[in-house]
Amino acid sequence: MTARAGLSLASAALATTLVVTGCTSIYEVPIDTPIQAKLDVTPFQRVHVVGFIGGGSDEVDPNLETVRLLRSQLRTKSRLRVIDADPLPLEQVARQQAGGTVTAADAPETGQMALPERIRDEKDLEAYEPLFANADYWKRIGEEFQQPLIVTGTVIFRAHQASGIVTQEREIYDQFGRRTVVPQRVFMERKGFILRPKFVFIDGRTGAVLYQESYREERLYPTQQNVPALSSFFEQMDALLPSFLNTLSTTRVRGSRILLK
Amino acid sequence: MDIRAFAVALTLAAALPGAAVAQEDVRKQAVAQVEFGITVAQKNLWQEAVYRWQKATEIDPTYAAAFNNLAIAYEQLGKFEEAGKAYERAVELEPENLSIQQNYDLFKELNDRARRAQSR
């Protein structure tokens, strides 16, 4: 009898397990998740991409190209009205604000950071940072354009070379003609470009910096592949645009998930 | 002692299948809610899906699939905190379920991004 009772217990437990576990059916569904904007732009009706302090490669004008690209993106993907005006000569403005031409030669005397003649890399931009903190200047710009949200910052786009071991896929055919792909580590010389933009968002009513964000993108190509600088610039900008746009407006991230039964 | 042991065994034998049947009924009701939720979610009616899957979790709080689906619906609606809690419960109930784990991993990635956006 004890054995029968034990059997009953076991079958009851099994039944419970089967009910609890069940047979799972899966359904893949697309989802579209909203990511809230990083900045509250409700007080603004307009956005003014005034320009950037740019440097690096001679092949691309990072200031002009960034202004053009951001304006066109904001026109279609933001509720703010985009102001069309010539980009400001910010390098020149920074020099004027620094009290004339402060160069590496006279910097030690004035106690100011030297404004480099030519901006080649990220280090050269440090001296221009005070420009973005000059609230009076930005407030004046804001007044001129009916107090918009001002977008400015710095953009470095420079050539870059790197050599090292990279993993490539190699096709192998056996005696029966069957193809297999195997990873192979090879030494390669590669060249490409680095893009380092910093976007600064300024309140056109007060001149205060509301938010700023820096990015770093890098693309390397085999030396024999001749990728035009402008094409690489847009390729890299394309990668960071969603994040830039998410600063001003809620974006939706598409994906898929598995529903279960 | 033998009679007592027999009585206990008899009671258990009688009670446990009953409990299993009751659990089966509960799960059937929850499954019906989950199925309806899936149908409406596939038609993009996520609010209704949330309602159905919430009901399913109330009917059967041990139903991992219901929590998983509820979490997905919350994600779709941008309710990250609620989604996180529902995923945690689903993983707790079925830690070996790879589909739940995969959904949860994708959610965590998205949630990190949303948090970074909000903290700035």
# chains A, B, ... in the order shown; residues from 1 in each chain; ligands from 1
call {"tool": "select_by_dssp", "arguments": {"residues": "region 5-207 of chain A", "states": "strand (DSSP E or B)", "output": "number ranges by chain"}}
result
A: 26-35, 46-49, 53-56, 81-82, 149-173, 179-203
call {"tool": "select_by_dssp", "arguments": {"residues": "region 124-167 of chain A", "states": "helix (DSSP H, G or I)", "output": "number ranges by chain"}}
result
A: 124-133, 135-144
call {"tool": "residues_around", "arguments": {"residues": "Arg81 (chain A)", "least_positions_apart": "2", "cutoff": "8 Å", "atoms": "only C-alpha atoms", "output": "PyMOL selection string"}}
result
chain A and resi 45-47+75+78-79+83
call {"tool": "write_last_selection", "arguments": {"atoms": "C-alpha atoms", "output": "CSV table (one decimal), in the first residue's frame"}}
result
chain,number,residue,atom,x,y,z
A,45,GLN,CA,10.5,77.2,-31.2
A,46,ARG,CA,13.6,77.4,-33.2
A,47,VAL,CA,17.0,75.8,-33.4
A,75,ARG,CA,14.5,69.9,-40.5
A,78,SER,CA,12.7,67.6,-35.1
A,79,ARG,CA,9.6,69.8,-34.4
A,83,ILE,CA,17.2,78.8,-38.8
call {"tool": "closest_residue", "arguments": {"among": "A:Asp32, A:Glu217, A:Glu189, A:Glu117", "to": "Phe234 (chain A)", "atoms": "only C-alpha atoms"}}
result
A:Glu217
call {"tool": "residues_around", "arguments": {"residues": "region 50-59 of chain A", "least_positions_apart": "6", "cutoff": "6 Å", "atoms": "only C-alpha atoms", "output": "list in words"}}
result
Val67, Pro87, Leu88, Leu90, Glu91, Ile119, Arg120, Asp121, Thr152, Gly153, Thr154, Val155, Ile156, Phe157 and Arg158 of chain A
call {"tool": "write_last_selection", "arguments": {"atoms": "C-alpha atoms", "output": "PDB file, in the first residue's frame"}}
result
ATOM      1  CA  VAL A  67      26.313  72.457 -40.063  1.00  0.00           C
ATOM      2  CA  PRO A  87      27.717  79.623 -40.092  1.00  0.00           C
ATOM      3  CA  LEU A  88      29.530  81.913 -37.644  1.00  0.00           C
ATOM      4  CA  LEU A  90      33.807  80.862 -34.437  1.00  0.00           C
ATOM      5  CA  GLU A  91      37.577  80.560 -34.593  1.00  0.00           C
ATOM      6  CA  ILE A 119      43.684  73.043 -35.541  1.00  0.00           C
ATOM      7  CA  ARG A 120      45.107  69.596 -36.176  1.00  0.00           C
ATOM      8  CA  ASP A 121      43.817  67.448 -33.342  1.00  0.00           C
ATOM      9  CA  THR A 152      27.543  74.597 -31.567  1.00  0.00           C
ATOM     10  CA  GLY A 153      30.715  72.783 -30.500  1.00  0.00           C
ATOM     11  CA  THR A 154      33.871  71.375 -31.996  1.00  0.00           C
ATOM     12  CA  VAL A 155      34.555  68.857 -34.734  1.00  0.00           C
ATOM     13  CA  ILE A 156      37.839  67.169 -35.488  1.00  0.00           C
ATOM     14  CA  PHE A 157      38.051  64.970 -38.548  1.00  0.00           C
ATOM     15  CA  ARG A 158      41.515  63.674 -39.193  1.00  0.00           C
TER      16      ARG A 158
END
call {"tool": "closest_residue", "arguments": {"among": "A:Arg118, A:Lys38, A:His48, A:Arg254", "to": "chain B", "atoms": "only C-alpha atoms"}}
result
A:Lys38
call {"tool": "residues_around", "arguments": {"residues": "Pro228 (chain A)", "least_positions_apart": "6", "cutoff": "12 Å", "atoms": "only C-alpha atoms", "output": "number ranges by chain"}}
result
A: 57, 59-60, 159, 191-193, 219, 221, 234-235
call {"tool": "write_last_selection", "arguments": {"atoms": "N, CA, C and O atoms", "output": "PDB file, in the first residue's frame"}}
result
ATOM      1  N   SER A  57      41.638  67.147 -41.020  1.00  0.00           N
ATOM      2  CA  SER A  57      41.937  66.920 -42.436  1.00  0.00           C
ATOM      3  C   SER A  57      41.630  68.143 -43.299  1.00  0.00           C
ATOM      4  O   SER A  57      40.680  68.880 -43.033  1.00  0.00           O
ATOM      5  N   GLU A  59      40.889  67.758 -46.417  1.00  0.00           N
ATOM      6  CA  GLU A  59      39.986  67.281 -47.470  1.00  0.00           C
ATOM      7  C   GLU A  59      38.518  67.590 -47.195  1.00  0.00           C
ATOM      8  O   GLU A  59      37.698  67.585 -48.102  1.00  0.00           O
ATOM      9  N   VAL A  60      38.195  67.791 -45.920  1.00  0.00           N
ATOM     10  CA  VAL A  60      36.800  68.051 -45.551  1.00  0.00           C
ATOM     11  C   VAL A  60      36.770  69.288 -44.663  1.00  0.00           C
ATOM     12  O   VAL A  60      37.640  69.461 -43.812  1.00  0.00           O
ATOM     13  N   ALA A 159      42.864  62.265 -40.562  1.00  0.00           N
ATOM     14  CA  ALA A 159      43.325  60.992 -41.124  1.00  0.00           C
ATOM     15  C   ALA A 159      44.029  60.189 -40.037  1.00  0.00           C
ATOM     16  O   ALA A 159      44.586  60.748 -39.081  1.00  0.00           O
ATOM     17  N   LYS A 191      44.347  52.381 -43.253  1.00  0.00           N
ATOM     18  CA  LYS A 191      44.266  53.834 -43.086  1.00  0.00           C
ATOM     19  C   LYS A 191      42.791  54.222 -43.053  1.00  0.00           C
ATOM     20  O   LYS A 191      41.935  53.506 -43.590  1.00  0.00           O
ATOM     21  N   GLY A 192      42.563  55.325 -42.438  1.00  0.00           N
ATOM     22  CA  GLY A 192      41.172  55.747 -42.337  1.00  0.00           C
ATOM     23  C   GLY A 192      41.070  57.111 -41.694  1.00  0.00           C
ATOM     24  O   GLY A 192      41.992  57.931 -41.812  1.00  0.00           O
ATOM     25  N   PHE A 193      39.972  57.315 -40.975  1.00  0.00           N
ATOM     26  CA  PHE A 193      39.730  58.639 -40.394  1.00  0.00           C
ATOM     27  C   PHE A 193      39.118  58.500 -39.009  1.00  0.00           C
ATOM     28  O   PHE A 193      38.419  57.542 -38.713  1.00  0.00           O
ATOM     29  N   ARG A 219      37.050  54.883 -38.461  1.00  0.00           N
ATOM     30  CA  ARG A 219      36.892  53.889 -39.535  1.00  0.00           C
ATOM     31  C   ARG A 219      38.251  53.660 -40.167  1.00  0.00           C
ATOM     32  O   ARG A 219      38.936  54.621 -40.525  1.00  0.00           O
ATOM     33  N   TYR A 221      40.296  51.414 -43.182  1.00  0.00           N
ATOM     34  CA  TYR A 221      40.092  50.650 -44.423  1.00  0.00           C
ATOM     35  C   TYR A 221      41.440  50.091 -44.884  1.00  0.00           C
ATOM     36  O   TYR A 221      42.488  50.680 -44.575  1.00  0.00           O
ATOM     37  N   PHE A 234      30.737  61.170 -43.694  1.00  0.00           N
ATOM     38  CA  PHE A 234      29.283  60.930 -43.615  1.00  0.00           C
ATOM     39  C   PHE A 234      28.970  59.560 -43.014  1.00  0.00           C
ATOM     40  O   PHE A 234      27.993  59.416 -42.286  1.00  0.00           O
ATOM     41  N   GLU A 235      29.801  58.590 -43.323  1.00  0.00           N
ATOM     42  CA  GLU A 235      29.601  57.246 -42.755  1.00  0.00           C
ATOM     43  C   GLU A 235      29.669  57.304 -41.222  1.00  0.00           C
ATOM     44  O   GLU A 235      28.857  56.706 -40.520  1.00  0.00           O
TER      45      GLU A 235
END
call {"tool": "atom_distance", "arguments": {"atom1": "CA of Ala114 (chain B)", "atom2": "CA of Leu39 (chain A)"}}
result
12.6 Å
call {"tool": "residues_around", "arguments": {"residues": "Gln47 (chain B)", "least_positions_apart": "5", "cutoff": "12 Å", "atoms": "only C-alpha atoms", "output": "list in words"}}
result
Gly37, Ile38, Val40, Ala41, Gln42, Arg52, Trp53, Gln54, Leu70, Ile72, Ala73, Tyr74, Glu75, Gln76, Leu77, Gly78 and Lys79 of chain B
call {"tool": "write_last_selection", "arguments": {"atoms": "N, CA, C and O atoms", "output": "short mmCIF file (atom, residue, chain, number, x, y, z; two decimals), in the first residue's frame"}}
result
data_model
loop_
_atom_site.label_atom_id
_atom_site.label_comp_id
_atom_site.auth_asym_id
_atom_site.auth_seq_id
_atom_site.Cartn_x
_atom_site.Cartn_y
_atom_site.Cartn_z
N GLY B 37 -3.73 38.16 -25.24
CA GLY B 37 -2.73 39.23 -25.21
C GLY B 37 -1.82 39.18 -26.43
O GLY B 37 -1.51 40.21 -27.03
N ILE B 38 -1.41 37.98 -26.80
CA ILE B 38 -0.53 37.82 -27.97
C ILE B 38 -1.26 38.27 -29.23
O ILE B 38 -0.70 39.00 -30.07
N VAL B 40 -3.70 40.45 -29.54
CA VAL B 40 -3.84 41.91 -29.63
C VAL B 40 -2.49 42.61 -29.80
O VAL B 40 -2.39 43.61 -30.51
N ALA B 41 -1.45 42.03 -29.20
CA ALA B 41 -0.11 42.62 -29.35
C ALA B 41 0.33 42.55 -30.81
O ALA B 41 0.94 43.49 -31.33
N GLN B 42 -0.01 41.46 -31.46
CA GLN B 42 0.35 41.31 -32.88
C GLN B 42 -0.41 42.32 -33.74
O GLN B 42 -0.01 42.60 -34.86
N ARG B 52 -4.26 42.23 -20.42
CA ARG B 52 -4.44 40.77 -20.45
C ARG B 52 -3.32 40.05 -19.70
O ARG B 52 -3.54 39.11 -18.96
N TRP B 53 -2.10 40.50 -19.93
CA TRP B 53 -0.97 39.81 -19.31
C TRP B 53 -0.87 40.11 -17.82
O TRP B 53 -0.41 39.27 -17.05
N GLN B 54 -1.31 41.30 -17.44
CA GLN B 54 -1.37 41.60 -16.00
C GLN B 54 -2.34 40.63 -15.34
O GLN B 54 -2.07 40.08 -14.28
N LEU B 70 4.50 40.53 -20.48
CA LEU B 70 4.16 41.80 -19.83
C LEU B 70 5.36 42.76 -19.91
O LEU B 70 5.21 43.95 -20.21
N ILE B 72 7.69 42.79 -22.13
CA ILE B 72 7.85 43.25 -23.52
C ILE B 72 6.88 44.39 -23.81
O ILE B 72 7.24 45.41 -24.41
N ALA B 73 5.65 44.22 -23.34
CA ALA B 73 4.64 45.27 -23.56
C ALA B 73 5.06 46.57 -22.87
O ALA B 73 4.92 47.66 -23.44
N TYR B 74 5.58 46.47 -21.67
CA TYR B 74 6.05 47.67 -20.95
C TYR B 74 7.19 48.33 -21.72
O TYR B 74 7.27 49.55 -21.79
N GLU B 75 8.06 47.51 -22.28
CA GLU B 75 9.17 48.05 -23.09
C GLU B 75 8.62 48.87 -24.25
O GLU B 75 9.07 49.97 -24.53
N GLN B 76 7.66 48.27 -24.93
CA GLN B 76 7.05 48.93 -26.10
C GLN B 76 6.43 50.27 -25.70
O GLN B 76 6.43 51.22 -26.48
N LEU B 77 5.93 50.35 -24.46
CA LEU B 77 5.29 51.58 -24.01
C LEU B 77 6.27 52.54 -23.33
O LEU B 77 5.88 53.59 -22.83
N GLY B 78 7.53 52.14 -23.28
CA GLY B 78 8.56 53.00 -22.69
C GLY B 78 8.56 53.00 -21.17
O GLY B 78 9.15 53.86 -20.54
N LYS B 79 7.89 52.00 -20.56
CA LYS B 79 7.86 51.91 -19.09
C LYS B 79 8.97 50.97 -18.64
O LYS B 79 8.76 49.78 -18.40
#
call {"tool": "residues_around", "arguments": {"residues": "Ser99 (chain B)", "least_positions_apart": "3", "cutoff": "10 Å", "atoms": "only C-alpha atoms", "output": "PyMOL selection string"}}
result
(chain A and resi 26+257-260) or (chain B and resi 65+68+91+96+102-105)
call {"tool": "write_last_selection", "arguments": {"atoms": "C-alpha atoms", "output": "compact mmCIF listing (two decimals), in the first residue's frame"}}
result
# COMPACT_ATOMS: atom_id res chain seq x y z
CA ILE A 26 7.00 31.35 -29.23
CA ARG A 257 11.28 40.24 -28.78
CA ILE A 258 9.93 36.76 -28.22
CA LEU A 259 6.44 36.41 -26.79
CA LEU A 260 5.78 33.13 -25.04
CA ALA B 65 5.62 33.51 -19.99
CA ASN B 68 7.94 37.85 -20.01
CA VAL B 91 13.84 35.02 -15.05
CA GLU B 96 16.83 28.27 -17.79
CA GLN B 102 17.55 36.81 -24.53
CA ASN B 103 14.68 39.28 -24.20
CA TYR B 104 16.01 40.41 -20.84
CA ASP B 105 19.54 40.95 -22.21
call {"tool": "atom_distance", "arguments": {"atom1": "CA of Val209 (chain A)", "atom2": "CA of Ser243 (chain A)"}}
result
18.4 Å
call {"tool": "atom_distance", "arguments": {"atom1": "CA of Asp203 (chain A)", "atom2": "CA of Pro62 (chain A)"}}
result
23.4 Å
